[in-house]
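Below: the structure, in structure tokens.
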Amino acid sequence: MSATRAAGGVGGYDRQRELQAFDDTKAGVKGLVDAGVTAVPAIFHHAPDSLPVLQQAAADGSNVAATIPVIDLSCARREELVRGVKAAAETVGFFQVVNHGVAGGLLAETLAAVRRFNEAPAEAKRPYYFRGNARKVRFSSNFDLFQAPAANWRDTLFCDVAPEPPRPEELPEPVRHVMVEFGDAVRGLAERLLELLSEALGLAHDHLREMGCVEGVGVASNYYPPCPEPHLTLGSTRHTDASFLTVLVQDGMGGLQVLVDRGGGRRGWLDVPPLPGALVINIGDLLQLVSNGKFRSVEHRVLANKSRDTARVSVAAFCSADVIRSTRVYGPIGALSSPDGSDPPLYRSITIHEYLAHFLKKGLDGRHTLDHFLLKQPTPTAM
């Protein structure tokens, strides 16, 4: 989309008016699908250079298995687990875990409950539609609808489940029985993984946990309706996560892609294939910051749903500090940087509130959030 079109008012297209009209329906993208749209509205059109090239996506997918590690947490040798998470965190920033201790029935029911909520009548969802962070439970389409260059073909139910979960009556009935239980279960897994990651950095096993890296958990339940023109839009723009660690359960449809180094200075998009019973783990921005860049928060995106009749569902738990009460200042851990110049700090120290204020202001605009906090700003380069 051109800059003039995005600004609105050109050729009869007023982008801001169209955005507001869409938001006022409080029905999300699912409302458009239910209304029978056969063409993607202009507010969802992404710039051509941000959209997937189908031939390249197919080629990239041929060697995904060798790129996205799968780690079996039932492995008895702790040093092997530490080596595995260290290698993944330092390179691709993503890995999948199996035999992780979170009940498969809970994961399946969480996905099913999210689907039931989104496929309920619009009237049942509208009371939860809210833009902003003042509620623990809020439903919306595109948290950055009015900031982003283009909207994504996705609706989201967001719940703050830790440190203080919502009251049962605050949760929509379809997810009431699973949402807090899911959050508690993945928070326990995140604590276990943070111990391994602490040891991978050469720190005491409880170092990251004691920094408050998993005091807060926000669960984003994403619903990607079938898209009539998936070549024009995305399910989620390329971005990194506003977390220390993210734990994701995805259904069997796929669509998540990670931007990885392919050698020779080239980068490419690789699928994260759905594995039955597995959970996807990725390093968030704040863990890259405190590790002084040793662990990588890697850009990823979600393709628009090409199915004609079935929505894609995923549920992500963003593990972070207590965003309400935390006053802690986060910067590169002293043991991982040195002021003498041999391993200088890459980032300035910030609070969680300072980070989130910048993240929410910029939205998913294709720029890496952490670049704003670098002590030495990078020289812009083309992808």
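By convention here, the chains of the structure tokens are called A, B, ... in the order presented, each chain's residues are numbered starting at 1, and ligands are numbered starting at 1 in the order presented.
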
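For Glu354 of chain A, the residues within 12 Å (counting only C-alpha atoms, excluding itself and residues fewer than 4 positions away along the chain) are Ala242, Leu286, Val323, Ser326, Thr327, Arg328, Val329, Tyr330, Arg348, Ser349, Ile350, His358, Phe359, Leu360, Lys361, Thr369, Leu370, His372 and Phe373 of chain A.
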
Export all heavy atoms of the chosen residues as a compact mmCIF listing (two decimals), in the first residue's frame?
# COMPACT_ATOMS: atom_id res chain seq x y z
N ALA A 242 6.95 -9.25 22.89
CA ALA A 242 7.13 -8.40 24.08
C ALA A 242 7.08 -9.27 25.32
O ALA A 242 6.13 -9.24 26.10
CB ALA A 242 6.03 -7.34 24.12
N LEU A 286 12.88 -9.19 25.85
CA LEU A 286 13.48 -8.86 27.14
C LEU A 286 14.57 -9.86 27.53
O LEU A 286 15.53 -9.50 28.22
CB LEU A 286 12.40 -8.77 28.21
CG LEU A 286 11.44 -7.59 27.99
CD1 LEU A 286 10.17 -7.76 28.81
CD2 LEU A 286 12.12 -6.27 28.33
N VAL A 323 3.56 -6.57 35.03
CA VAL A 323 3.47 -5.29 34.34
C VAL A 323 2.72 -4.23 35.15
O VAL A 323 2.77 -3.04 34.81
CB VAL A 323 2.80 -5.44 32.96
CG1 VAL A 323 3.63 -6.38 32.08
CG2 VAL A 323 1.37 -5.97 33.09
N SER A 326 5.73 -4.03 38.82
CA SER A 326 7.18 -4.10 38.71
C SER A 326 7.81 -2.71 38.55
O SER A 326 7.37 -1.91 37.71
CB SER A 326 7.59 -4.97 37.52
OG SER A 326 8.99 -4.96 37.36
N THR A 327 8.82 -2.46 39.37
CA THR A 327 9.62 -1.23 39.22
C THR A 327 11.08 -1.58 38.91
O THR A 327 11.93 -0.70 38.86
CB THR A 327 9.57 -0.40 40.51
OG1 THR A 327 10.05 -1.19 41.61
CG2 THR A 327 8.15 0.07 40.81
N ARG A 328 11.33 -2.86 38.69
CA ARG A 328 12.69 -3.33 38.42
C ARG A 328 13.22 -2.73 37.12
O ARG A 328 12.49 -2.56 36.15
CB ARG A 328 12.71 -4.86 38.33
CG ARG A 328 14.11 -5.45 38.16
CD ARG A 328 14.02 -6.92 37.85
NE ARG A 328 13.52 -7.68 38.99
CZ ARG A 328 14.28 -8.25 39.91
NH1 ARG A 328 15.60 -8.13 39.83
NH2 ARG A 328 13.74 -8.93 40.89
N VAL A 329 14.50 -2.42 37.13
CA VAL A 329 15.18 -1.94 35.93
C VAL A 329 15.92 -3.11 35.31
O VAL A 329 16.70 -3.80 35.99
CB VAL A 329 16.15 -0.79 36.26
CG1 VAL A 329 16.95 -0.39 35.02
CG2 VAL A 329 15.40 0.40 36.82
N TYR A 330 15.66 -3.36 34.03
CA TYR A 330 16.28 -4.48 33.34
C TYR A 330 17.32 -3.96 32.37
O TYR A 330 17.06 -3.08 31.55
CB TYR A 330 15.22 -5.28 32.57
CG TYR A 330 14.29 -6.07 33.46
CD1 TYR A 330 13.02 -5.59 33.76
CD2 TYR A 330 14.69 -7.28 34.01
CE1 TYR A 330 12.16 -6.31 34.59
CE2 TYR A 330 13.85 -8.00 34.83
CZ TYR A 330 12.58 -7.51 35.12
OH TYR A 330 11.76 -8.22 35.94
N ARG A 348 20.60 -0.21 26.70
CA ARG A 348 20.47 0.58 27.92
C ARG A 348 19.47 -0.09 28.85
O ARG A 348 18.63 -0.88 28.43
CB ARG A 348 20.06 2.01 27.61
CG ARG A 348 18.73 2.19 26.89
CD ARG A 348 18.54 3.65 26.53
NE ARG A 348 17.34 3.90 25.73
CZ ARG A 348 16.15 4.18 26.23
NH1 ARG A 348 15.98 4.23 27.55
NH2 ARG A 348 15.12 4.42 25.44
N SER A 349 19.57 0.21 30.12
CA SER A 349 18.67 -0.37 31.11
C SER A 349 17.32 0.33 31.07
O SER A 349 17.24 1.56 30.95
CB SER A 349 19.28 -0.25 32.51
OG SER A 349 20.49 -0.99 32.59
N ILE A 350 16.24 -0.46 31.17
CA ILE A 350 14.88 0.07 31.05
C ILE A 350 13.96 -0.65 32.03
O ILE A 350 14.28 -1.72 32.55
CB ILE A 350 14.33 -0.12 29.61
CG1 ILE A 350 14.36 -1.60 29.23
CG2 ILE A 350 15.10 0.73 28.62
CD1 ILE A 350 13.69 -1.91 27.90
N HIS A 358 6.81 1.78 24.41
CA HIS A 358 7.33 1.88 23.04
C HIS A 358 6.72 0.82 22.13
O HIS A 358 6.32 1.10 20.99
CB HIS A 358 8.85 1.75 23.05
CG HIS A 358 9.47 1.78 21.68
ND1 HIS A 358 9.41 2.88 20.87
CD2 HIS A 358 10.13 0.81 20.97
CE1 HIS A 358 10.02 2.62 19.72
NE2 HIS A 358 10.45 1.37 19.76
N PHE A 359 6.60 -0.42 22.63
CA PHE A 359 6.03 -1.51 21.83
C PHE A 359 4.60 -1.21 21.41
O PHE A 359 4.23 -1.39 20.25
CB PHE A 359 6.08 -2.81 22.65
CG PHE A 359 5.40 -3.98 21.98
CD1 PHE A 359 6.08 -4.73 21.02
CD2 PHE A 359 4.10 -4.34 22.30
CE1 PHE A 359 5.46 -5.81 20.40
CE2 PHE A 359 3.48 -5.41 21.69
CZ PHE A 359 4.16 -6.15 20.73
N LEU A 360 3.79 -0.72 22.35
CA LEU A 360 2.39 -0.44 22.04
C LEU A 360 2.24 0.78 21.14
O LEU A 360 1.33 0.85 20.31
CB LEU A 360 1.60 -0.25 23.33
CG LEU A 360 1.48 -1.51 24.21
CD1 LEU A 360 0.86 -1.17 25.55
CD2 LEU A 360 0.67 -2.58 23.49
N LYS A 361 3.14 1.75 21.28
CA LYS A 361 3.07 2.94 20.44
C LYS A 361 3.39 2.62 18.99
O LYS A 361 2.72 3.11 18.06
CB LYS A 361 4.02 4.01 20.97
CG LYS A 361 4.01 5.31 20.15
CD LYS A 361 4.98 6.33 20.73
CE LYS A 361 4.97 7.61 19.91
NZ LYS A 361 5.93 8.62 20.46
N THR A 369 11.61 -4.00 17.85
CA THR A 369 11.38 -3.13 19.02
C THR A 369 12.67 -2.83 19.77
O THR A 369 12.89 -1.70 20.22
CB THR A 369 10.36 -3.79 19.97
OG1 THR A 369 9.19 -4.14 19.23
CG2 THR A 369 9.99 -2.84 21.09
N LEU A 370 13.55 -3.81 19.89
CA LEU A 370 14.77 -3.63 20.70
C LEU A 370 15.74 -2.62 20.10
O LEU A 370 16.57 -2.07 20.83
CB LEU A 370 15.48 -4.97 20.89
CG LEU A 370 15.01 -5.86 22.03
CD1 LEU A 370 15.91 -7.08 22.13
CD2 LEU A 370 14.97 -5.10 23.36
N HIS A 372 15.28 0.28 19.39
CA HIS A 372 15.06 1.57 20.05
C HIS A 372 15.90 1.71 21.32
O HIS A 372 16.20 2.84 21.75
CB HIS A 372 13.58 1.72 20.38
CG HIS A 372 13.20 3.01 21.03
ND1 HIS A 372 13.19 4.21 20.36
CD2 HIS A 372 12.82 3.29 22.32
CE1 HIS A 372 12.81 5.18 21.19
NE2 HIS A 372 12.58 4.64 22.38
N PHE A 373 16.29 0.59 21.91
CA PHE A 373 17.00 0.62 23.20
C PHE A 373 18.48 0.29 23.07
O PHE A 373 19.17 0.15 24.08
CB PHE A 373 16.32 -0.36 24.17
CG PHE A 373 14.86 -0.07 24.38
CD1 PHE A 373 13.89 -0.87 23.81
CD2 PHE A 373 14.45 1.04 25.11
CE1 PHE A 373 12.54 -0.60 23.98
CE2 PHE A 373 13.11 1.33 25.28
CZ PHE A 373 12.14 0.51 24.72

As a PyMOL selection string, list the residues of segment 122-340 of chain A assigned to strand (DSSP E or B) by DSSP on the backbone atoms of this structure.
chain A and resi 129+137-140+155-162+216-224+234-239+245-250+256-263+266-271+279-283+300-303+312-320+329-330+338

Saved selection, atoms kept: C-alpha atoms, as a PDB file, in the first residue's frame:
ATOM      1  CA  TYR A 129     -14.627  -6.040  22.903  1.00  0.00           C
ATOM      2  CA  VAL A 137      -9.977  -9.798  29.689  1.00  0.00           C
ATOM      3  CA  ARG A 138     -10.443  -8.097  26.330  1.00  0.00           C
ATOM      4  CA  PHE A 139     -11.453  -9.147  22.840  1.00  0.00           C
ATOM      5  CA  SER A 140     -10.420  -7.141  19.793  1.00  0.00           C
ATOM      6  CA  ASP A 155      -9.035 -11.649  16.024  1.00  0.00           C
ATOM      7  CA  THR A 156      -7.678 -12.016  19.571  1.00  0.00           C
ATOM      8  CA  LEU A 157      -9.016 -12.712  23.036  1.00  0.00           C
ATOM      9  CA  PHE A 158      -6.391 -11.537  25.556  1.00  0.00           C
ATOM     10  CA  CYS A 159      -6.362 -12.509  29.229  1.00  0.00           C
ATOM     11  CA  ASP A 160      -3.947 -11.400  31.966  1.00  0.00           C
ATOM     12  CA  VAL A 161      -3.744 -14.605  34.017  1.00  0.00           C
ATOM     13  CA  ALA A 162      -0.788 -13.885  36.361  1.00  0.00           C
ATOM     14  CA  GLY A 216       3.380 -11.988  34.777  1.00  0.00           C
ATOM     15  CA  VAL A 217       1.613 -14.085  32.133  1.00  0.00           C
ATOM     16  CA  GLY A 218      -0.676 -12.774  29.412  1.00  0.00           C
ATOM     17  CA  VAL A 219      -2.499 -15.256  27.182  1.00  0.00           C
ATOM     18  CA  ALA A 220      -3.350 -14.238  23.611  1.00  0.00           C
ATOM     19  CA  SER A 221      -5.875 -16.567  21.981  1.00  0.00           C
ATOM     20  CA  ASN A 222      -5.648 -15.920  18.258  1.00  0.00           C
ATOM     21  CA  TYR A 223      -8.316 -16.795  15.717  1.00  0.00           C
ATOM     22  CA  TYR A 224      -7.445 -16.613  12.011  1.00  0.00           C
ATOM     23  CA  LEU A 234      -1.177 -11.578   6.655  1.00  0.00           C
ATOM     24  CA  GLY A 235      -2.426 -13.249   9.799  1.00  0.00           C
ATOM     25  CA  SER A 236       0.291 -11.439  11.739  1.00  0.00           C
ATOM     26  CA  THR A 237       2.930  -9.000  10.509  1.00  0.00           C
ATOM     27  CA  ARG A 238       6.601  -9.809  11.105  1.00  0.00           C
ATOM     28  CA  HIS A 239       7.466  -8.966  14.706  1.00  0.00           C
ATOM     29  CA  LEU A 245       9.730 -16.174  26.920  1.00  0.00           C
ATOM     30  CA  THR A 246       6.684 -17.165  24.856  1.00  0.00           C
ATOM     31  CA  VAL A 247       4.954 -20.553  25.018  1.00  0.00           C
ATOM     32  CA  LEU A 248       2.609 -21.337  22.103  1.00  0.00           C
ATOM     33  CA  VAL A 249       0.175 -24.117  21.317  1.00  0.00           C
ATOM     34  CA  GLN A 250      -0.962 -24.215  17.691  1.00  0.00           C
ATOM     35  CA  LEU A 256       3.710 -19.693  11.665  1.00  0.00           C
ATOM     36  CA  GLN A 257       7.008 -18.748  10.027  1.00  0.00           C
ATOM     37  CA  VAL A 258      10.374 -17.689  11.454  1.00  0.00           C
ATOM     38  CA  LEU A 259      12.946 -15.447   9.755  1.00  0.00           C
ATOM     39  CA  VAL A 260      16.234 -17.364   9.907  1.00  0.00           C
ATOM     40  CA  ASP A 261      19.779 -16.990   8.671  1.00  0.00           C
ATOM     41  CA  ARG A 262      20.410 -19.178   5.643  1.00  0.00           C
ATOM     42  CA  GLY A 263      24.121 -18.530   5.200  1.00  0.00           C
ATOM     43  CA  ARG A 266      20.833 -14.468   3.217  1.00  0.00           C
ATOM     44  CA  ARG A 267      17.719 -14.783   5.336  1.00  0.00           C
ATOM     45  CA  GLY A 268      14.514 -16.672   4.620  1.00  0.00           C
ATOM     46  CA  TRP A 269      11.158 -17.613   6.088  1.00  0.00           C
ATOM     47  CA  LEU A 270      10.812 -21.125   7.462  1.00  0.00           C
ATOM     48  CA  ASP A 271       7.656 -22.866   8.635  1.00  0.00           C
ATOM     49  CA  LEU A 279       4.620 -26.614  22.404  1.00  0.00           C
ATOM     50  CA  VAL A 280       6.515 -23.917  20.517  1.00  0.00           C
ATOM     51  CA  ILE A 281       8.953 -21.853  22.598  1.00  0.00           C
ATOM     52  CA  ASN A 282      10.590 -18.629  21.520  1.00  0.00           C
ATOM     53  CA  ILE A 283      12.932 -16.105  23.080  1.00  0.00           C
ATOM     54  CA  HIS A 300       8.296 -14.231  12.967  1.00  0.00           C
ATOM     55  CA  ARG A 301       4.950 -13.877  11.220  1.00  0.00           C
ATOM     56  CA  VAL A 302       1.734 -15.779  10.512  1.00  0.00           C
ATOM     57  CA  LEU A 303       0.424 -16.261   6.991  1.00  0.00           C
ATOM     58  CA  ARG A 312      -6.740 -21.495  12.374  1.00  0.00           C
ATOM     59  CA  VAL A 313      -6.395 -21.221  16.169  1.00  0.00           C
ATOM     60  CA  SER A 314      -3.312 -20.699  18.343  1.00  0.00           C
ATOM     61  CA  VAL A 315      -2.847 -19.704  21.981  1.00  0.00           C
ATOM     62  CA  ALA A 316       0.315 -17.896  23.127  1.00  0.00           C
ATOM     63  CA  ALA A 317       1.388 -17.287  26.725  1.00  0.00           C
ATOM     64  CA  PHE A 318       3.697 -14.292  27.034  1.00  0.00           C
ATOM     65  CA  CYS A 319       5.829 -14.697  30.164  1.00  0.00           C
ATOM     66  CA  SER A 320       7.207 -11.448  31.508  1.00  0.00           C
ATOM     67  CA  VAL A 329      15.181  -1.937  35.930  1.00  0.00           C
ATOM     68  CA  TYR A 330      16.277  -4.483  33.336  1.00  0.00           C
ATOM     69  CA  SER A 338      32.124  -6.131  30.654  1.00  0.00           C
TER      70      SER A 338
END

Pick out the closest residue to Gly212 of chain A from this set: A:Leu73, A:Ala311, A:Ile352, A:Val114. Count only C-alpha atoms.
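Selected residue with least distance to Gly212 of chain A: A:Ile352.
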
In terms of the shortest atom-to-atom distance over only C-alpha atoms, which of A:Leu51, A:Ala321, A:Leu201, A:Ala76 is closest to Gly293 of chain A?
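Closest to Gly293 of chain A, using only C-alpha atoms: A:Leu201.
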
In Å, how far is it from atom CA of Val186 of chain A to atom CA of Gly334 of chain A?
28.7 Å

Point out the residue among A:Ser337, A:Tyr355, A:Glu229, A:Val298 with the least atom-to-atom distance to Thr38 of chain A, counting only C-alpha atoms.
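Selected residue with least distance to Thr38 of chain A: A:Glu229.
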
Rank A:Glu109, A:Glu195, A:Ala357, A:Pro165 by their smallest atom-to-atom distance to Leu81 of chain A, using only C-alpha atoms, and report the top residue only.
A:Glu195

Taking 3 positions as the minimum chain separation for residues in the same chain, which residues sit within 6 Å of Pro332 of chain A when counting only C-alpha atoms? Answer as a list in words.
Leu289, Val290, Ser291 and Asn292 of chain A

Would you save the residues from that selection as a PDB file, in the first residue's frame, using C-alpha atoms?
ATOM      1  CA  LEU A 289      18.166  -7.622  26.288  1.00  0.00           C
ATOM      2  CA  VAL A 290      19.200  -9.105  29.660  1.00  0.00           C
ATOM      3  CA  SER A 291      21.380 -11.736  27.947  1.00  0.00           C
ATOM      4  CA  ASN A 292      23.160  -8.878  26.125  1.00  0.00           C
TER       5      ASN A 292
END
